[in-house]
file final_34.cif (mmCIF, C-alpha atoms)
data_entry
#
loop_
_atom_site.label_atom_id
_atom_site.label_comp_id
_atom_site.auth_asym_id
_atom_site.auth_seq_id
_atom_site.Cartn_x
_atom_site.Cartn_y
_atom_site.Cartn_z
CA MET O 1315 0.00 0.00 0.00
CA LEU O 1316 2.81 2.40 0.83
CA LYS O 1317 4.49 1.38 -2.42
CA ASN O 1318 1.39 2.42 -4.38
CA SER O 1319 1.30 5.76 -2.58
CA PHE O 1320 4.97 6.29 -3.45
CA PHE O 1321 4.34 5.83 -7.18
CA ILE O 1322 1.29 8.08 -7.07
CA ARG O 1323 3.41 10.82 -5.48
CA ILE O 1324 6.11 10.38 -8.13
CA PHE O 1325 3.48 10.79 -10.84
CA PHE O 1326 2.04 13.84 -9.07
CA LEU O 1327 5.50 15.46 -8.83
CA PHE O 1328 6.06 14.77 -12.54
CA PHE O 1329 2.71 16.41 -13.32
CA ILE O 1330 3.70 19.48 -11.32
CA LEU O 1331 7.09 19.64 -13.08
CA CYS O 1332 5.33 19.76 -16.44
CA ILE O 1333 3.22 22.71 -15.24
CA ALA O 1334 6.35 24.51 -14.01
CA LEU O 1335 8.26 23.95 -17.27
CA PHE O 1336 5.37 24.92 -19.54
CA PRO O 1337 3.43 27.65 -17.71
CA PRO O 1338 0.66 29.62 -19.42
CA SER O 1339 1.74 32.90 -20.99
CA LEU O 1340 1.18 36.18 -19.15
CA ALA O 1341 -1.39 37.19 -21.76
CA VAL O 1342 -3.41 34.03 -21.15
CA ALA O 1343 -3.05 34.41 -17.39
CA GLN O 1344 -4.42 37.97 -17.51
CA LYS O 1345 -7.24 37.26 -19.93
CA ASP O 1346 -9.65 36.01 -17.25
CA TYR O 1347 -8.25 37.89 -14.27
CA VAL O 1348 -10.77 40.11 -12.50
CA ILE O 1349 -9.25 43.37 -11.27
CA GLY O 1350 -9.78 44.24 -7.62
CA PRO O 1351 -8.82 46.78 -4.94
CA GLU O 1352 -5.07 47.34 -4.41
CA ASP O 1353 -4.08 45.76 -7.73
CA GLU O 1354 -1.48 47.77 -9.65
CA LEU O 1355 -2.15 48.47 -13.33
CA ALA O 1356 0.13 49.66 -16.12
CA ILE O 1357 -1.99 51.59 -18.63
CA THR O 1358 -0.45 52.51 -21.97
CA VAL O 1359 -2.11 54.95 -24.38
CA TRP O 1360 -0.26 54.60 -27.67
CA ASP O 1361 1.11 57.87 -29.13
CA HIS O 1362 0.20 59.62 -25.87
CA PRO O 1363 3.08 58.95 -23.46
CA ASP O 1364 1.84 61.75 -21.19
CA LEU O 1365 -1.25 59.64 -20.42
CA SER O 1366 0.54 56.31 -19.91
CA ARG O 1367 1.14 55.47 -16.26
CA LYS O 1368 1.00 52.96 -13.41
CA LEU O 1369 -1.99 53.23 -11.12
CA ARG O 1370 -3.14 51.51 -7.95
CA VAL O 1371 -6.81 50.53 -7.71
CA ASN O 1372 -8.12 52.15 -4.53
CA LEU O 1373 -10.16 50.41 -1.82
CA GLU O 1374 -13.37 51.54 -3.52
CA GLY O 1375 -12.28 49.77 -6.69
CA LYS O 1376 -11.54 52.95 -8.66
CA ILE O 1377 -8.63 54.53 -10.51
CA SER O 1378 -8.14 58.20 -11.31
CA PHE O 1379 -7.18 58.75 -14.96
CA PRO O 1380 -6.22 62.00 -16.74
CA LEU O 1381 -8.97 63.80 -18.68
CA ILE O 1382 -11.75 61.46 -17.57
CA GLY O 1383 -11.35 61.40 -13.78
CA GLU O 1384 -12.42 58.45 -11.63
CA VAL O 1385 -13.13 55.16 -13.36
CA HIS O 1386 -14.48 52.05 -11.67
CA ALA O 1387 -12.03 49.23 -12.46
CA ALA O 1388 -12.83 46.53 -9.91
CA GLY O 1389 -14.82 43.65 -11.30
CA LEU O 1390 -13.48 44.11 -14.83
CA THR O 1391 -10.89 42.09 -16.71
CA PRO O 1392 -7.95 44.02 -18.24
CA ILE O 1393 -9.61 43.77 -21.69
CA GLU O 1394 -12.91 45.07 -20.33
CA LEU O 1395 -11.12 48.01 -18.69
CA GLU O 1396 -9.28 48.72 -21.96
CA ASN O 1397 -12.63 48.95 -23.77
CA LYS O 1398 -14.11 51.15 -21.04
CA LEU O 1399 -11.18 53.59 -21.20
CA LYS O 1400 -11.37 53.63 -25.01
CA ASP O 1401 -15.04 54.62 -24.88
CA LEU O 1402 -14.42 57.35 -22.30
CA LEU O 1403 -11.37 58.84 -24.07
CA SER O 1404 -13.13 58.69 -27.44
CA ASN O 1405 -15.86 60.95 -26.05
CA GLY O 1406 -14.26 64.26 -27.09
CA TYR O 1407 -10.65 63.68 -26.06
CA ILE O 1408 -8.75 61.31 -28.39
CA VAL O 1409 -9.65 59.97 -31.82
CA GLU O 1410 -9.64 56.16 -31.83
CA PRO O 1411 -7.38 55.69 -28.81
CA GLN O 1412 -5.32 52.49 -28.60
CA ILE O 1413 -5.01 51.35 -24.99
CA ASN O 1414 -3.29 48.45 -23.28
CA VAL O 1415 -3.92 47.45 -19.64
CA ILE O 1416 -1.61 45.04 -17.82
CA VAL O 1417 -1.84 43.97 -14.19
CA THR O 1418 1.69 44.48 -12.82
CA GLU O 1419 0.97 43.59 -9.20
CA TYR O 1420 -1.72 41.25 -7.94
CA ARG O 1421 -3.04 42.10 -4.49
CA SER O 1422 -6.81 41.74 -4.52
CA GLN O 1423 -7.15 37.99 -4.95
CA LYS O 1424 -5.12 35.33 -3.22
CA ILE O 1425 -5.18 31.83 -1.84
CA PHE O 1426 -3.43 30.20 1.10
CA ILE O 1427 -1.66 26.85 0.86
CA ILE O 1428 -0.64 25.23 4.15
CA GLY O 1429 0.35 21.84 5.50
CA GLU O 1430 2.57 19.26 3.83
CA VAL O 1431 3.75 21.29 0.84
CA ASN O 1432 7.29 22.43 0.11
CA ALA O 1433 6.58 26.17 0.19
CA PRO O 1434 3.48 26.99 2.26
CA GLY O 1435 2.19 30.55 2.19
CA SER O 1436 -0.17 32.93 0.39
CA TYR O 1437 -0.17 33.12 -3.38
CA PRO O 1438 -1.77 35.62 -5.77
CA LEU O 1439 -4.65 34.28 -7.79
CA THR O 1440 -3.80 35.60 -11.24
CA LYS O 1441 -5.98 33.39 -13.45
CA ARG O 1442 -8.40 30.51 -13.37
CA THR O 1443 -6.45 27.94 -11.36
CA SER O 1444 -7.16 24.29 -10.65
CA ILE O 1445 -6.33 22.64 -7.34
CA VAL O 1446 -3.37 20.78 -8.87
CA GLU O 1447 -1.98 24.00 -10.39
CA ALA O 1448 -2.38 25.73 -7.02
CA ILE O 1449 -0.40 23.04 -5.21
CA SER O 1450 2.29 23.27 -7.88
CA MET O 1451 2.71 26.97 -6.98
CA ALA O 1452 3.64 25.83 -3.47
CA GLY O 1453 6.32 23.49 -4.81
CA GLY O 1454 4.22 20.34 -4.69
CA VAL O 1455 3.48 17.97 -1.85
CA LYS O 1456 6.00 16.45 0.54
CA SER O 1457 6.70 12.73 0.63
CA ASP O 1458 4.57 12.28 3.77
CA ALA O 1459 1.57 14.21 2.45
CA ASP O 1460 -1.87 12.65 2.33
CA LEU O 1461 -3.53 12.54 -1.08
CA GLU O 1462 -6.88 13.62 0.35
CA ILE O 1463 -6.73 17.37 0.86
CA MET O 1464 -9.18 19.91 2.21
CA ILE O 1465 -10.18 23.36 0.99
CA VAL O 1466 -11.65 25.88 3.40
CA ARG O 1467 -13.88 28.15 1.32
CA PRO O 1468 -15.61 30.99 3.17
CA LYS O 1469 -19.20 31.55 2.16
CA SER O 1470 -19.98 34.72 0.25
CA GLY O 1471 -20.00 37.66 2.64
CA ASN O 1472 -18.23 35.75 5.41
CA THR O 1473 -15.46 38.03 6.66
CA LYS O 1474 -14.45 36.17 9.81
CA TYR O 1475 -11.54 34.46 8.01
CA GLU O 1476 -8.85 37.07 7.45
CA GLY O 1477 -6.06 34.69 6.49
CA ALA O 1478 -5.22 31.02 6.28
CA ILE O 1479 -7.55 28.82 8.31
CA SER O 1480 -7.10 25.13 9.08
CA PRO O 1481 -10.13 22.83 8.57
CA ASP O 1482 -10.39 22.00 12.30
CA LYS O 1483 -11.00 25.70 13.05
CA ALA O 1484 -13.46 26.30 10.22
CA ASP O 1485 -17.19 25.73 9.96
CA PRO O 1486 -17.69 22.17 8.64
CA SER O 1487 -19.95 23.55 5.89
CA ASP O 1488 -17.01 25.62 4.60
CA VAL O 1489 -14.76 22.58 4.06
CA ILE O 1490 -14.45 20.79 0.71
CA LYS O 1491 -12.60 17.47 0.47
CA VAL O 1492 -10.67 16.60 -2.68
CA ARG O 1493 -8.93 13.30 -3.47
CA LEU O 1494 -5.79 13.99 -5.50
CA ARG O 1495 -5.64 10.28 -6.26
CA ASP O 1496 -8.91 10.66 -8.21
CA VAL O 1497 -7.58 13.75 -10.01
CA LEU O 1498 -4.54 11.81 -11.18
CA ASP O 1499 -6.82 8.96 -12.24
CA GLY O 1500 -8.52 11.35 -14.66
CA GLU O 1501 -11.58 12.47 -12.70
CA LYS O 1502 -11.72 16.07 -13.88
CA ALA O 1503 -14.60 16.91 -11.54
CA GLN O 1504 -12.20 16.48 -8.59
CA ASN O 1505 -9.66 18.95 -10.05
CA ILE O 1506 -11.80 21.86 -8.95
CA GLU O 1507 -11.07 25.51 -9.56
CA VAL O 1508 -9.81 27.43 -6.51
CA GLN O 1509 -11.36 30.74 -5.51
CA ASN O 1510 -10.26 33.94 -3.84
CA MET O 1511 -9.46 33.46 -0.11
CA ASP O 1512 -9.50 29.65 -0.31
CA THR O 1513 -7.21 27.88 2.15
CA ILE O 1514 -5.81 24.65 0.72
CA PHE O 1515 -4.74 22.30 3.52
CA VAL O 1516 -2.56 19.28 2.71
CA PRO O 1517 -2.46 17.01 5.80
CA LYS O 1518 0.13 14.41 6.67
CA ILE O 1519 -0.62 10.94 5.47
CA LYS O 1520 -2.53 8.94 8.09
CA VAL O 1521 -0.56 5.89 9.16
CA ILE O 1522 -0.92 3.02 11.61
CA TYR O 1523 1.62 0.49 12.83
CA VAL O 1524 1.20 -3.26 13.12
CA THR O 1525 3.78 -5.14 15.22
CA GLY O 1526 4.31 -8.56 16.71
CA GLU O 1527 3.05 -11.84 15.31
CA VAL O 1528 1.95 -10.74 11.82
CA LYS O 1529 3.60 -11.75 8.57
CA ARG O 1530 4.64 -8.25 7.50
CA PRO O 1531 4.98 -5.98 10.55
CA GLY O 1532 5.51 -2.30 9.79
CA GLN O 1533 3.90 1.05 8.97
CA TYR O 1534 0.80 1.17 6.78
CA THR O 1535 -1.38 3.85 5.25
CA MET O 1536 -4.68 4.14 7.05
CA ILE O 1537 -7.73 3.98 4.81
CA LYS O 1538 -11.27 5.08 5.50
CA ASN O 1539 -13.25 2.80 7.85
CA MET O 1540 -10.21 0.59 8.49
CA THR O 1541 -10.78 -1.87 11.34
CA ILE O 1542 -8.21 -3.62 13.50
CA LEU O 1543 -8.84 -6.81 11.51
CA ASN O 1544 -8.36 -4.91 8.22
CA ALA O 1545 -5.04 -3.56 9.50
CA ILE O 1546 -3.82 -7.02 10.50
CA SER O 1547 -4.87 -8.37 7.10
CA THR O 1548 -2.95 -5.56 5.40
CA ALA O 1549 0.11 -6.67 7.37
CA GLY O 1550 -0.22 -10.16 5.91
CA GLY O 1551 -2.41 -11.65 8.59
CA PHE O 1552 -1.57 -13.57 11.77
CA THR O 1553 1.41 -15.90 12.05
CA ASP O 1554 0.98 -19.38 13.49
CA LYS O 1555 2.33 -18.10 16.80
CA ALA O 1556 -0.14 -15.24 17.18
CA ALA O 1557 -2.28 -14.90 20.28
CA ARG O 1558 -5.32 -13.77 18.32
CA LYS O 1559 -7.50 -13.07 21.35
CA LYS O 1560 -4.91 -10.88 23.06
CA VAL O 1561 -4.49 -8.19 20.38
CA ARG O 1562 -4.18 -4.74 21.90
CA VAL O 1563 -3.99 -1.20 20.56
CA VAL O 1564 -1.60 1.49 21.78
CA ARG O 1565 -3.22 4.89 21.21
CA GLU O 1566 -2.31 8.43 22.22
CA LYS O 1567 -4.88 10.22 24.37
CA ASP O 1568 -4.31 13.65 25.87
CA GLY O 1569 -0.62 13.42 25.08
CA LYS O 1570 -0.17 10.03 26.77
CA LYS O 1571 0.11 6.52 25.36
CA VAL O 1572 -2.64 4.21 26.58
CA GLU O 1573 -3.14 0.50 25.91
CA LEU O 1574 -6.61 -0.59 24.85
CA THR O 1575 -8.29 -3.94 24.36
CA LEU O 1576 -10.80 -3.56 21.55
CA SER O 1577 -12.90 -5.83 19.34
CA MET O 1578 -11.46 -6.77 15.95
CA ASP O 1579 -14.14 -4.74 14.14
CA SER O 1580 -13.25 -1.54 16.02
CA LEU O 1581 -12.04 1.31 13.80
CA VAL O 1582 -8.38 2.28 14.00
CA GLU O 1583 -7.26 5.87 14.47
CA PRO O 1584 -4.26 7.69 12.93
CA GLY O 1585 -1.06 6.80 14.78
CA ASP O 1586 -2.43 3.62 16.38
CA THR O 1587 -0.02 0.77 17.02
CA ILE O 1588 -1.66 -2.64 16.84
CA VAL O 1589 0.25 -5.18 18.89
CA VAL O 1590 -0.21 -8.90 18.21
CA PRO O 1591 1.52 -10.87 21.02
CA GLU O 1592 2.94 -14.34 20.76
CA SER O 1593 0.99 -17.27 22.10
CA PHE O 1594 2.94 -19.50 24.50
CA TRP O 1595 0.41 -22.32 24.50
#
call {"tool": "encode", "arguments": {"input": "final_34.cif", "output": "structure tokens"}}
result
Amino acid sequence: MLKNSFFIRIFFLFFILCIALFPPSLAVAQKDYVIGPEDELAITVWDHPDLSRKLRVNLEGKISFPLIGEVHAAGLTPIELENKLKDLLSNGYIVEPQINVIVTEYRSQKIFIIGEVNAPGSYPLTKRTSIVEAISMAGGVKSDADLEIMIVRPKSGNTKYEGAISPDKADPSDVIKVRLRDVLDGEKAQNIEVQNMDTIFVPKIKVIYVTGEVKRPGQYTMIKNMTILNAISTAGGFTDKAARKKVRVVREKDGKKVELTLSMDSLVEPGDTIVVPESFW
């Protein structure tokens, strides 16, 4: 099971490398970008260098441009703003103005990527971005990352999240679970598009340990609804010397290791150590 996870991670890292080596052009990246407050824009009016300048979109979403005054820029793409400025400047100021708008600094839209990635932090959202592309911006996942990740997505109008938020501190209804394994298997519906202020959380892989009288003792990836019997089966099953009725589980509770005697159909928890003792009879 761990071997399969290893190959999936290798494939995922290769996928990310391809994105890094062949990124979309700046023009494509800006095509769908929606301008917002605090973004910086470079506006060029051809043959009118006195009008060309860099401007910061204010908190009200406006810019102040020569001849025409305040213009609402937030909510528009660069191409839409170009057309708006053309219409305004054509109205008695310049004959057939040629205008180019480029976003030179992205500040209004961002995402947070935390957990088991190589470069956690906040990243500007400069274009339509899938979950895999977002993780590639953070340098990809670490070797001990789980392939089921979580996205905390604040509901519209929810301002209580001002930065990155881990799923355990968020409202359950704000959490979306995504299986990267399914994305790599070709399920496009799982490779969802990230949104402004999303927090992408990549947890550590959940593991359990099986020791003692089993055929393949060691560390194993924990799967959903895994029971103690499932875990022992994953480790190759009991040996002939196993004391099957004396299996115990070592589990951490409140920072302390405790030893539990549970039924074989009890669910395991991350970090559990299942101990199968030897029978002396």
call {"tool": "closest_residue", "arguments": {"input": "final_34.cif", "among": "O:Asp1460, O:Glu1527, O:Lys1376, O:Ile1479", "to": "Arg1495 in chain O", "atoms": "only C-alpha atoms"}}
result
O:Asp1460
call {"tool": "resolve_selection", "arguments": {"input": "final_34.cif", "expression": "the PyMOL selection byres ((chain O and resi 1390-1392) around 8)", "output": "VMD selection string"}}
result
chain O and resid 1344 to 1349 1387 to 1389 1393 to 1396 1415 to 1417
call {"tool": "resolve_selection", "arguments": {"input": "final_34.cif", "expression": "the PyMOL selection byres ((chain O and resi 1587) around 10)", "output": "MDAnalysis selection string"}}
result
chainID O and resid 1521:1525 1532:1533 1542 1562:1566 1573 1582:1586 1588:1590
call {"tool": "resolve_selection", "arguments": {"input": "final_34.cif", "expression": "the PyMOL selection byres ((chain O and resi 1504-1514) around 8)", "output": "ChimeraX atom specification"}}
result
/O:1423-1428,1439,1442-1446,1448,1463-1468,1477-1480,1492-1494,1496-1497,1501-1503,1515-1516
call {"tool": "atom_distance", "arguments": {"input": "final_34.cif", "atom1": "CA of Pro1486 in chain O", "atom2": "CA of Met1451 in chain O"}}
result
26.1 Å
call {"tool": "closest_residue", "arguments": {"input": "final_34.cif", "among": "O:Gly1526, O:Gly1569, O:Gly1551, O:Gly1375", "to": "Pro1591 in chain O", "atoms": "only C-alpha atoms"}}
result
O:Gly1526
call {"tool": "atom_distance", "arguments": {"input": "final_34.cif", "atom1": "CA of Gln1412 in chain O", "atom2": "CA of Leu1373 in chain O"}}
result
27.3 Å
call {"tool": "axis_aligned_box", "arguments": {"input": "final_34.cif", "around": "range 1365-1373 of chain O", "padding_each_side": "3 Å", "output": "lines of an AutoDock Vina configuration file"}}
result
center_x = -4.5
center_y = 55.0
center_z = -11.1
size_x = 17.3
size_y = 15.2
size_z = 24.6
call {"tool": "residues_around", "arguments": {"input": "final_34.cif", "residues": "Thr1553 in chain O", "least_positions_apart": "5", "cutoff": "9 Å", "atoms": "only C-alpha atoms", "output": "PyMOL selection string"}}
result
chain O and resi 1527-1529+1592
call {"tool": "residues_around", "arguments": {"input": "final_34.cif", "residues": "Gly1454 in chain O", "least_positions_apart": "3", "cutoff": "6 Å", "atoms": "all atoms listed in the file", "output": "list in words"}}
result
Val1431, Ile1449 and Ser1450 of chain O
call {"tool": "residues_near_point", "arguments": {"input": "final_34.cif", "point": "(0.5, 7.6, 6.4)", "cutoff": "7 Å", "atoms": "all atoms listed in the file", "output": "MDAnalysis selection string"}}
result
chainID O and resid 1458 1460 1518:1521 1534:1536
call {"tool": "write_last_selection", "arguments": {"input": "final_34.cif", "atoms": "C-alpha atoms", "output": "short mmCIF file (atom, residue, chain, number, x, y, z; two decimals), in the coordinates of the input"}}
result
data_model
loop_
_atom_site.label_atom_id
_atom_site.label_comp_id
_atom_site.auth_asym_id
_atom_site.auth_seq_id
_atom_site.Cartn_x
_atom_site.Cartn_y
_atom_site.Cartn_z
CA ASP O 1458 4.57 12.28 3.77
CA ASP O 1460 -1.87 12.65 2.33
CA LYS O 1518 0.13 14.41 6.67
CA ILE O 1519 -0.62 10.94 5.47
CA LYS O 1520 -2.53 8.94 8.09
CA VAL O 1521 -0.56 5.89 9.16
CA TYR O 1534 0.80 1.17 6.78
CA THR O 1535 -1.38 3.85 5.25
CA MET O 1536 -4.68 4.14 7.05
#
call {"tool": "build_atoms", "arguments": {"input": "final_34.cif", "residues": "range 1538-1571 of chain O", "atoms": "N, CA and C atoms", "output": "mmCIF file, in the coordinates of the input"}}
result
data_model
loop_
_atom_site.group_PDB
_atom_site.id
_atom_site.type_symbol
_atom_site.label_atom_id
_atom_site.label_comp_id
_atom_site.auth_asym_id
_atom_site.auth_seq_id
_atom_site.Cartn_x
_atom_site.Cartn_y
_atom_site.Cartn_z
ATOM 1 N N LYS O 1538 -9.993 4.762 4.877
ATOM 2 C CA LYS O 1538 -11.270 5.080 5.500
ATOM 3 C C LYS O 1538 -11.959 3.817 6.007
ATOM 4 N N ASN O 1539 -12.516 3.904 7.216
ATOM 5 C CA ASN O 1539 -13.250 2.800 7.850
ATOM 6 C C ASN O 1539 -12.401 1.548 8.049
ATOM 7 N N MET O 1540 -11.099 1.731 8.256
ATOM 8 C CA MET O 1540 -10.210 0.590 8.490
ATOM 9 C C MET O 1540 -10.406 0.071 9.916
ATOM 10 N N THR O 1541 -10.634 -1.238 10.026
ATOM 11 C CA THR O 1541 -10.780 -1.870 11.340
ATOM 12 C C THR O 1541 -9.449 -2.489 11.761
ATOM 13 N N ILE O 1542 -9.409 -2.943 13.001
ATOM 14 C CA ILE O 1542 -8.210 -3.620 13.500
ATOM 15 C C ILE O 1542 -7.945 -4.876 12.662
ATOM 16 N N LEU O 1543 -9.006 -5.604 12.321
ATOM 17 C CA LEU O 1543 -8.840 -6.810 11.510
ATOM 18 C C LEU O 1543 -8.322 -6.460 10.113
ATOM 19 N N ASN O 1544 -8.851 -5.365 9.529
ATOM 20 C CA ASN O 1544 -8.360 -4.910 8.220
ATOM 21 C C ASN O 1544 -6.870 -4.614 8.275
ATOM 22 N N ALA O 1545 -6.446 -3.936 9.351
ATOM 23 C CA ALA O 1545 -5.040 -3.560 9.500
ATOM 24 C C ALA O 1545 -4.152 -4.794 9.596
ATOM 25 N N ILE O 1546 -4.600 -5.775 10.351
ATOM 26 C CA ILE O 1546 -3.820 -7.020 10.500
ATOM 27 C C ILE O 1546 -3.755 -7.752 9.159
ATOM 28 N N SER O 1547 -4.855 -7.737 8.417
ATOM 29 C CA SER O 1547 -4.870 -8.370 7.100
ATOM 30 C C SER O 1547 -3.917 -7.653 6.145
ATOM 31 N N THR O 1548 -3.866 -6.336 6.238
ATOM 32 C CA THR O 1548 -2.950 -5.560 5.400
ATOM 33 C C THR O 1548 -1.507 -5.925 5.706
ATOM 34 N N ALA O 1549 -1.239 -6.267 6.961
ATOM 35 C CA ALA O 1549 0.110 -6.670 7.370
ATOM 36 C C ALA O 1549 0.365 -8.149 7.116
ATOM 37 N N GLY O 1550 -0.454 -8.768 6.290
ATOM 38 C CA GLY O 1550 -0.220 -10.160 5.910
ATOM 39 C C GLY O 1550 -0.967 -11.185 6.724
ATOM 40 N N GLY O 1551 -1.663 -10.728 7.753
ATOM 41 C CA GLY O 1551 -2.410 -11.650 8.590
ATOM 42 C C GLY O 1551 -1.582 -12.199 9.748
ATOM 43 N N PHE O 1552 -2.221 -12.988 10.594
ATOM 44 C CA PHE O 1552 -1.570 -13.570 11.770
ATOM 45 C C PHE O 1552 -0.530 -14.625 11.361
ATOM 46 N N THR O 1553 0.506 -14.748 12.170
ATOM 47 C CA THR O 1553 1.410 -15.900 12.050
ATOM 48 C C THR O 1553 0.825 -17.053 12.854
ATOM 49 N N ASP O 1554 1.454 -18.199 12.733
ATOM 50 C CA ASP O 1554 0.980 -19.380 13.490
ATOM 51 C C ASP O 1554 1.159 -19.226 14.991
ATOM 52 N N LYS O 1555 2.038 -18.283 15.372
ATOM 53 C CA LYS O 1555 2.330 -18.100 16.800
ATOM 54 C C LYS O 1555 1.471 -17.014 17.449
ATOM 55 N N ALA O 1556 0.604 -16.389 16.670
ATOM 56 C CA ALA O 1556 -0.140 -15.240 17.180
ATOM 57 C C ALA O 1556 -1.171 -15.622 18.243
ATOM 58 N N ALA O 1557 -1.219 -14.780 19.277
ATOM 59 C CA ALA O 1557 -2.280 -14.900 20.280
ATOM 60 C C ALA O 1557 -3.433 -14.017 19.834
ATOM 61 N N ARG O 1558 -4.306 -14.558 19.013
ATOM 62 C CA ARG O 1558 -5.320 -13.770 18.320
ATOM 63 C C ARG O 1558 -6.302 -13.074 19.253
ATOM 64 N N LYS O 1559 -6.522 -13.657 20.426
ATOM 65 C CA LYS O 1559 -7.500 -13.070 21.350
ATOM 66 C C LYS O 1559 -6.878 -12.067 22.313
ATOM 67 N N LYS O 1560 -5.586 -11.809 22.145
ATOM 68 C CA LYS O 1560 -4.910 -10.880 23.060
ATOM 69 C C LYS O 1560 -4.367 -9.646 22.335
ATOM 70 N N VAL O 1561 -4.919 -9.371 21.147
ATOM 71 C CA VAL O 1561 -4.490 -8.190 20.380
ATOM 72 C C VAL O 1561 -4.850 -6.925 21.159
ATOM 73 N N ARG O 1562 -3.931 -6.016 21.217
ATOM 74 C CA ARG O 1562 -4.180 -4.740 21.900
ATOM 75 C C ARG O 1562 -3.751 -3.580 21.015
ATOM 76 N N VAL O 1563 -4.275 -2.410 21.337
ATOM 77 C CA VAL O 1563 -3.990 -1.200 20.560
ATOM 78 C C VAL O 1563 -3.375 -0.156 21.475
ATOM 79 N N VAL O 1564 -2.231 0.390 21.042
ATOM 80 C CA VAL O 1564 -1.600 1.490 21.780
ATOM 81 C C VAL O 1564 -2.003 2.777 21.069
ATOM 82 N N ARG O 1565 -2.655 3.659 21.803
ATOM 83 C CA ARG O 1565 -3.220 4.890 21.210
ATOM 84 C C ARG O 1565 -2.869 6.084 22.095
ATOM 85 N N GLU O 1566 -2.626 7.215 21.454
ATOM 86 C CA GLU O 1566 -2.310 8.430 22.220
ATOM 87 C C GLU O 1566 -3.593 9.152 22.588
ATOM 88 N N LYS O 1567 -3.736 9.448 23.885
ATOM 89 C CA LYS O 1567 -4.880 10.220 24.370
ATOM 90 C C LYS O 1567 -4.382 11.278 25.335
ATOM 91 N N ASP O 1568 -4.725 12.517 25.026
ATOM 92 C CA ASP O 1568 -4.310 13.650 25.870
ATOM 93 C C ASP O 1568 -2.802 13.670 26.077
ATOM 94 N N GLY O 1569 -2.078 13.364 25.018
ATOM 95 C CA GLY O 1569 -0.620 13.420 25.080
ATOM 96 C C GLY O 1569 0.042 12.227 25.727
ATOM 97 N N LYS O 1570 -0.749 11.212 26.124
ATOM 98 C CA LYS O 1570 -0.170 10.030 26.770
ATOM 99 C C LYS O 1570 -0.540 8.767 25.990
ATOM 100 N N LYS O 1571 0.362 7.795 26.002
ATOM 101 C CA LYS O 1571 0.110 6.520 25.360
ATOM 102 C C LYS O 1571 -0.707 5.631 26.300
#
